[in-house]
Amino acid sequence: MIQVKNVSKKYGRKNVLRDISFTANKGEITCLIGINGVGKSTTMKAIMGITPIDCGEILIDDKKMNHTMYENITFIPDTLTMLPSFTVGEAMQFMKDFYVNWNPERAKELLGFFRLKEDEKLGELSKGNAAKANLLFGLGLDVDYVLMDEPFSGIDMFSREQIAKVFTSHLIEDRGVIITTHEISDIEHLIDKVVLLDNGEILKEFYTEEIRLEEGKSVMDVMREVYQS
Amino acid sequence: MEFIVNNREPVYLQVVRHFKQQIAKRLLEAGQEIPSRRELAVQFNINPNTVQKAYKEMEEQGLITTERNFPSKITTDIKVLNGVRNELIMEAVNEFVDSIKVINVPVEELLTMVKQNYEQKIKEEKKGDA
Amino acid sequence: MNRYIKLVNFEVNRFFKLYIGLLIIVAISQFVSLFLVKSKYMQAANDANYASSMKATERFISSSGLLTFNQVANHLLFIGPIVICIALMMFYVFIIWYRDYFGKNTFIYRLFMLPTSRMTIYFSKATTILIMVLSLLAFQLILLPIEINVFQQIVPSELLGKMSTIDLFMNSNIFTMILPSNFMDFIFRYLIGMGLVFTLFTFILLERSYRWKGIIFGILYVIAIAGLLLIPAFIESYLFGEDFSFYPSEVFYMELGLFTIIITVSILFSKYLLKNKVSV
């Protein structure tokens, strides 16, 4: 379980995160929703320990973040995390060299699933393929938690569909996933939990099936309500 | 199996209803094996957790039986199977009656119209199949 | 330790193409200087008709002197590439960090998410700089006897002032700076170099932690370090009066002590920044 507790962060004068708290459980897909600039990416980076926070704490399986945990939690930002001069194969080798939990069989499977070629240079890939490559490097690790920042933004529809298939497959199963997005319409049915962010604050945290059961509302309905008040 | 999701209703209940419809339509037989949780998630393009919830609900309602390490199967209990059929029929009837009650139509006239409409539709289907 | 070695390997590989380019430039430029110096001298020699008689030769030698390799070592095209290498390495101290932040890649994410202490990353970059500098030096040392040999082949023996590599180092030229003949001086000089690298790394990390404020802190930090190193001179001039001066060995040990403090402080400060303040 990932616990974010009363986390605040200032960037210069701007309060990027204001006392936010939420949890994300293993085996569930949690979605942080909000418009651009609202603090979603910052939250993810804070959980990963690659952006410092001013106060509050973040616990992963009840432990504070330290570098050994990078074998157990991975972050897939919307930019390439490998050198553009690397080929897909070289990047995979890099992961193998540095991570004990790299799973070469699963990586090969993902390669086939995404239809990427090992000898293609990362810098020359289309945006959709680069996003898929990024996913490959993250999902190829045997981690309990996967954080994805805007996995669908700016990507062609075909690639979006492919990426969405990952969520229903065994590649995600049993892992805790946190994704951020500002658009949820085509993936609503895949998400277990939603955290609505606005202006650095959490407006609402809820389970999708509960809202549907108890209030007969879709996530979009709730978003409309919450953001318009 | 085509499965279209309505985002305003719990997805797991939609899955359960889908199975009930399949049973009522006799597309799923007593004792028939159903896909595994993973397979169904891929087929229906939904979260495996949702499938898990649906299967649990169906177990509780007695619609499916699961033995350890074996794929789940539709129940062989005739009472349950008939019950499902009746449940869906009653659901449709309730909906229909609720919507038609507002218009004051005598029941016999209503039943004639229903019969005509129903037989017409069956004919068209048969034509379509031919 | 394993990941440290892999990271050093990785960083060295990234620099490799540029490195080979530098080696080629140094070699070519220095060989060209060799021929240029010989040509110029021979031009003057031929103008003075040195070969016409023994007397003419002697006269020419007494006025222009024999041609030694030292003159090559002072030529622009010989020194030039060395200076370029030094400048480039200093530049690379910054690039080795900033290249992971800017451009199309955000490789810094990957570096910070490696399951290894951030100091491993820090030391791997420092080690890479050290390896680069020392291997460039080694290359020059390998090149030198070859150059001297070639030189001795192309200059007429009566005009040649023979010089071994060791003799060359005794003379006043670029090598007094990059290759002090005294072993202690050598260690000292390169230790200062490493200290400079660590200090600059701290400066870079301050900028990466606090941006503009960080640059100001960084400059203050560098000034403070420089100030620290000047303490012996300060003590000498102001504290004890005009006739007082330290023995060179005393200065040496004081500087060494200050140096160790500076390096330790820089490393610890960098560790703090990397762990708590630096963002991607």
# chains A, B, ... in the order shown; residues from 1 in each chain; ligands from 1
>>> select_by_dssp(residues="stretch 59-132 of chain C", states="helix (DSSP H, G or I)", output="ChimeraX atom specification")
/C:59-64,69-73,76-98,107-112,118-132
>>> write_last_selection(atoms="C-alpha atoms", output="short mmCIF file (atom, residue, chain, number, x, y, z; two decimals), in the first residue's frame")
data_model
loop_
_atom_site.label_atom_id
_atom_site.label_comp_id
_atom_site.auth_asym_id
_atom_site.auth_seq_id
_atom_site.Cartn_x
_atom_site.Cartn_y
_atom_site.Cartn_z
CA ARG C 59 78.26 30.46 -37.05
CA PHE C 60 74.65 29.58 -37.57
CA ILE C 61 74.56 27.36 -34.53
CA SER C 62 76.12 29.97 -32.29
CA SER C 63 73.65 32.60 -33.38
CA SER C 64 70.42 30.57 -33.63
CA PHE C 69 62.33 19.53 -29.12
CA ASN C 70 61.69 22.14 -26.47
CA GLN C 71 60.97 24.58 -29.25
CA VAL C 72 58.31 22.23 -30.54
CA ALA C 73 56.91 21.93 -27.04
CA LEU C 76 51.12 26.92 -30.45
CA LEU C 77 50.01 23.81 -32.26
CA PHE C 78 51.67 21.67 -29.63
CA ILE C 79 50.33 23.46 -26.60
CA GLY C 80 47.03 24.37 -28.22
CA PRO C 81 45.43 20.92 -28.19
CA ILE C 82 46.55 20.38 -24.59
CA VAL C 83 44.85 23.59 -23.57
CA ILE C 84 41.79 22.59 -25.53
CA CYS C 85 41.70 19.28 -23.67
CA ILE C 86 41.96 21.03 -20.33
CA ALA C 87 39.23 23.49 -21.25
CA LEU C 88 37.02 20.73 -22.57
CA MET C 89 37.43 18.64 -19.45
CA MET C 90 36.48 21.59 -17.31
CA PHE C 91 33.48 22.14 -19.49
CA TYR C 92 32.66 18.46 -19.26
CA VAL C 93 32.53 18.69 -15.46
CA PHE C 94 29.34 20.64 -16.04
CA ILE C 95 28.12 18.75 -19.05
CA ILE C 96 28.40 15.41 -17.32
CA TRP C 97 25.52 16.52 -15.09
CA TYR C 98 23.55 18.87 -17.28
CA PHE C 107 17.87 10.43 -18.34
CA ILE C 108 18.25 11.96 -14.90
CA TYR C 109 14.98 10.24 -13.98
CA ARG C 110 16.52 6.90 -14.74
CA LEU C 111 19.71 7.75 -12.85
CA PHE C 112 17.83 8.81 -9.75
CA ARG C 118 22.94 8.62 -5.24
CA MET C 119 26.51 9.00 -4.12
CA THR C 120 27.36 6.11 -6.44
CA ILE C 121 26.18 8.27 -9.29
CA TYR C 122 28.18 11.20 -7.91
CA PHE C 123 31.39 9.21 -7.57
CA SER C 124 30.98 7.52 -10.92
CA LYS C 125 30.88 10.92 -12.58
CA ALA C 126 33.87 12.14 -10.62
CA THR C 127 35.76 8.95 -11.43
CA THR C 128 34.97 9.36 -15.10
CA ILE C 129 36.49 12.83 -15.10
CA LEU C 130 39.56 11.50 -13.35
CA ILE C 131 39.93 8.62 -15.77
CA MET C 132 39.55 10.95 -18.72
#
>>> residues_around(residues="B:Thr76", least_positions_apart="2", cutoff="9 Å", atoms="only C-alpha atoms", output="list in words")
Glu29, Ala30, Gly31, Gln32, Leu63, Ile64, Thr65, Lys73, Ile74, Ile78, Lys79, Val80 and Leu81 of chain B
>>> closest_residue(among="A:Ala91, A:Ser159, A:Lys108, A:Met1", to="A:Glu28", atoms="only C-alpha atoms")
A:Met1
>>> closest_atom_pairs(of="stretch 46-124 of chain A", to="stretch 9-12 of chain C", cutoff="12 Å", atoms="only C-alpha atoms", output="Markdown table")
| residue | atom | partner | partner_atom | distance |
| --- | --- | --- | --- | --- |
| A:Leu83 | CA | C:Phe10 | CA | 11.3 |
| A:Phe86 | CA | C:Phe10 | CA | 11.8 |
| A:Glu90 | CA | C:Phe10 | CA | 11.7 |
| A:Ala91 | CA | C:Phe10 | CA | 11.9 |
| A:Gln93 | CA | C:Phe10 | CA | 12.0 |
| A:Phe94 | CA | C:Phe10 | CA | 9.3 |
| A:Asp97 | CA | C:Phe10 | CA | 10.7 |
| A:Phe98 | CA | C:Phe10 | CA | 11.1 |
>>> residues_around(residues="C:Pro156", least_positions_apart="3", cutoff="10 Å", atoms="only C-alpha atoms", output="PyMOL selection string")
chain C and resi 38+42+67+151-153+159-160
>>> interface_residues(of="chain A", to="chain B", cutoff="9 Å", atoms="only C-alpha atoms", output="VMD selection string")
chain A and resid 27 to 29 164 to 165 167 to 170 173 188 to 192 208 to 213 215 to 221
>>> closest_residue(among="A:Asn66, A:Asn6, A:Asn25, A:Thr81", to="chain C", atoms="only C-alpha atoms")
A:Thr81
>>> closest_atom_pairs(of="chain A", to="chain C", cutoff="10 Å", atoms="only C-alpha atoms", output="tab-separated table")
residue	atom	partner	partner_atom	distance
A:Tyr11	CA	C:Tyr210	CA	9.9
A:Gly12	CA	C:Tyr210	CA	9.2
A:Lys45	CA	C:Val280	CA	8.7
A:Ala46	CA	C:Ser279	CA	9.6
A:Met48	CA	C:Met113	CA	7.9
A:Gly49	CA	C:Met113	CA	8.5
A:Ile50	CA	C:Ser279	CA	5.8
A:Thr51	CA	C:Ser279	CA	4.6
A:Pro52	CA	C:Lys277	CA	5.9
A:Ile53	CA	C:Asn276	CA	8.7
A:Asp54	CA	C:Lys277	CA	9.8
A:Asn66	CA	C:Pro115	CA	8.6
A:His67	CA	C:Pro115	CA	4.9
A:Thr68	CA	C:Pro115	CA	4.9
A:Met69	CA	C:Pro115	CA	6.8
A:Tyr70	CA	C:Pro115	CA	5.0
A:Glu71	CA	C:Pro115	CA	6.2
A:Asn72	CA	C:Pro115	CA	9.3
A:Ile73	CA	C:Met113	CA	9.3
A:Thr74	CA	C:Met113	CA	7.8
A:Phe75	CA	C:Met113	CA	8.2
A:Ile76	CA	C:Tyr109	CA	9.4
A:Pro77	CA	C:Tyr109	CA	8.6
A:Thr79	CA	C:Thr106	CA	6.7
A:Leu80	CA	C:Asn105	CA	5.9
A:Thr81	CA	C:Phe107	CA	4.8
A:Met82	CA	C:Phe107	CA	5.3
A:Leu83	CA	C:Asn105	CA	6.0
A:Pro84	CA	C:Asn105	CA	6.4
A:Ser85	CA	C:Asn105	CA	9.5
A:Phe94	CA	C:Phe10	CA	9.3
A:Met95	CA	C:Leu114	CA	9.3
A:Asp97	CA	C:Lys6	CA	7.8
A:Phe98	CA	C:Arg3	CA	6.5
A:Tyr99	CA	C:Pro115	CA	7.0
A:Val100	CA	C:Pro115	CA	9.0
A:Leu122	CA	C:Asn105	CA	10.0
A:Gly123	CA	C:Lys104	CA	8.0
>>> atom_distance(atom1="atom CA of B:Lys20", atom2="atom CA of A:Leu171")
29.5 Å
>>> select_by_dssp(residues="stretch 43-215 of chain A", states="strand (DSSP E)", output="PyMOL selection string")
chain A and resi 55-60+63-64+73-76+145-149+176-181+193-198+201-207
>>> write_last_selection(atoms="N, CA and C atoms", output="mmCIF file, in the first residue's frame")
data_model
loop_
_atom_site.group_PDB
_atom_site.id
_atom_site.type_symbol
_atom_site.label_atom_id
_atom_site.label_comp_id
_atom_site.auth_asym_id
_atom_site.auth_seq_id
_atom_site.Cartn_x
_atom_site.Cartn_y
_atom_site.Cartn_z
ATOM 1 N N CYS A 55 6.797 19.080 3.588
ATOM 2 C CA CYS A 55 6.384 18.398 4.819
ATOM 3 C C CYS A 55 5.411 17.275 4.507
ATOM 4 N N GLY A 56 5.183 16.431 5.481
ATOM 5 C CA GLY A 56 4.337 15.262 5.304
ATOM 6 C C GLY A 56 5.233 14.054 5.109
ATOM 7 N N GLU A 57 4.601 12.892 4.941
ATOM 8 C CA GLU A 57 5.433 11.731 4.653
ATOM 9 C C GLU A 57 4.753 10.788 3.675
ATOM 10 N N ILE A 58 5.580 10.013 3.036
ATOM 11 C CA ILE A 58 5.085 9.050 2.055
ATOM 12 C C ILE A 58 5.628 7.682 2.416
ATOM 13 N N LEU A 59 4.716 6.742 2.629
ATOM 14 C CA LEU A 59 5.140 5.402 3.018
ATOM 15 C C LEU A 59 4.744 4.396 1.957
ATOM 16 N N ILE A 60 5.672 3.503 1.668
ATOM 17 C CA ILE A 60 5.387 2.433 0.723
ATOM 18 C C ILE A 60 5.526 1.135 1.476
ATOM 19 N N LYS A 63 7.027 1.663 4.780
ATOM 20 C CA LYS A 63 8.421 2.084 4.917
ATOM 21 C C LYS A 63 8.643 3.379 4.151
ATOM 22 N N LYS A 64 9.595 4.150 4.655
ATOM 23 C CA LYS A 64 9.942 5.376 3.935
ATOM 24 C C LYS A 64 10.740 5.012 2.697
ATOM 25 N N ILE A 73 9.298 -0.517 -7.001
ATOM 26 C CA ILE A 73 8.338 0.483 -7.469
ATOM 27 C C ILE A 73 8.970 1.196 -8.647
ATOM 28 N N THR A 74 8.203 1.389 -9.697
ATOM 29 C CA THR A 74 8.764 2.028 -10.873
ATOM 30 C C THR A 74 7.880 3.173 -11.333
ATOM 31 N N PHE A 75 8.516 4.120 -11.990
ATOM 32 C CA PHE A 75 7.800 5.303 -12.441
ATOM 33 C C PHE A 75 7.982 5.429 -13.942
ATOM 34 N N ILE A 76 6.870 5.652 -14.637
ATOM 35 C CA ILE A 76 6.934 5.810 -16.085
ATOM 36 C C ILE A 76 6.432 7.196 -16.425
ATOM 37 N N TYR A 145 4.603 -2.017 -7.499
ATOM 38 C CA TYR A 145 3.895 -0.776 -7.790
ATOM 39 C C TYR A 145 4.400 -0.139 -9.076
ATOM 40 N N VAL A 146 3.438 0.291 -9.892
ATOM 41 C CA VAL A 146 3.786 0.955 -11.150
ATOM 42 C C VAL A 146 3.098 2.317 -11.167
ATOM 43 N N LEU A 147 3.868 3.360 -11.359
ATOM 44 C CA LEU A 147 3.299 4.704 -11.436
ATOM 45 C C LEU A 147 3.426 5.189 -12.876
ATOM 46 N N MET A 148 2.328 5.597 -13.454
ATOM 47 C CA MET A 148 2.381 6.083 -14.832
ATOM 48 C C MET A 148 1.859 7.504 -14.928
ATOM 49 N N ASP A 149 2.672 8.374 -15.482
ATOM 50 C CA ASP A 149 2.254 9.761 -15.616
ATOM 51 C C ASP A 149 1.742 10.018 -17.020
ATOM 52 N N GLY A 176 0.069 -2.787 -7.816
ATOM 53 C CA GLY A 176 -0.619 -1.537 -7.489
ATOM 54 C C GLY A 176 -0.255 -0.530 -8.562
ATOM 55 N N VAL A 177 -1.257 0.042 -9.195
ATOM 56 C CA VAL A 177 -0.978 0.981 -10.270
ATOM 57 C C VAL A 177 -1.558 2.347 -9.921
ATOM 58 N N ILE A 178 -0.753 3.376 -10.121
ATOM 59 C CA ILE A 178 -1.300 4.731 -10.019
ATOM 60 C C ILE A 178 -1.062 5.379 -11.369
ATOM 61 N N ILE A 179 -2.116 5.870 -11.964
ATOM 62 C CA ILE A 179 -1.914 6.605 -13.212
ATOM 63 C C ILE A 179 -2.484 8.004 -13.058
ATOM 64 N N THR A 180 -1.917 8.932 -13.819
ATOM 65 C CA THR A 180 -2.485 10.268 -13.804
ATOM 66 C C THR A 180 -3.022 10.550 -15.189
ATOM 67 N N THR A 181 -4.061 11.297 -15.243
ATOM 68 C CA THR A 181 -4.589 11.682 -16.544
ATOM 69 C C THR A 181 -5.499 12.875 -16.352
ATOM 70 N N LYS A 193 -10.074 3.062 -8.360
ATOM 71 C CA LYS A 193 -10.202 4.157 -7.398
ATOM 72 C C LYS A 193 -9.841 5.467 -8.070
ATOM 73 N N VAL A 194 -10.523 6.527 -7.674
ATOM 74 C CA VAL A 194 -10.253 7.832 -8.267
ATOM 75 C C VAL A 194 -9.895 8.844 -7.185
ATOM 76 N N VAL A 195 -8.881 9.669 -7.477
ATOM 77 C CA VAL A 195 -8.546 10.765 -6.579
ATOM 78 C C VAL A 195 -8.603 12.037 -7.410
ATOM 79 N N LEU A 196 -9.512 12.934 -7.043
ATOM 80 C CA LEU A 196 -9.669 14.166 -7.812
ATOM 81 C C LEU A 196 -8.836 15.285 -7.213
ATOM 82 N N LEU A 197 -7.991 15.861 -8.056
ATOM 83 C CA LEU A 197 -7.116 16.937 -7.596
ATOM 84 C C LEU A 197 -7.514 18.245 -8.237
ATOM 85 N N ASP A 198 -7.415 19.308 -7.450
ATOM 86 C CA ASP A 198 -7.582 20.613 -8.052
ATOM 87 C C ASP A 198 -6.738 21.604 -7.279
ATOM 88 N N GLU A 201 -4.917 20.458 -4.199
ATOM 89 C CA GLU A 201 -5.670 19.837 -3.110
ATOM 90 C C GLU A 201 -6.458 18.650 -3.616
ATOM 91 N N ILE A 202 -6.778 17.741 -2.677
ATOM 92 C CA ILE A 202 -7.614 16.608 -3.052
ATOM 93 C C ILE A 202 -9.066 16.964 -2.756
ATOM 94 N N LEU A 203 -9.882 16.912 -3.782
ATOM 95 C CA LEU A 203 -11.281 17.258 -3.603
ATOM 96 C C LEU A 203 -12.112 16.049 -3.206
ATOM 97 N N LYS A 204 -11.740 14.902 -3.776
ATOM 98 C CA LYS A 204 -12.522 13.713 -3.470
ATOM 99 C C LYS A 204 -11.704 12.464 -3.772
ATOM 100 N N GLU A 205 -11.921 11.451 -2.942
ATOM 101 C CA GLU A 205 -11.253 10.167 -3.141
ATOM 102 C C GLU A 205 -12.324 9.096 -3.043
ATOM 103 N N PHE A 206 -12.505 8.270 -4.061
ATOM 104 C CA PHE A 206 -13.599 7.297 -3.991
ATOM 105 C C PHE A 206 -13.345 6.086 -4.873
ATOM 106 N N TYR A 207 -14.056 5.018 -4.576
ATOM 107 C CA TYR A 207 -14.003 3.815 -5.389
ATOM 108 C C TYR A 207 -15.088 3.886 -6.455
#
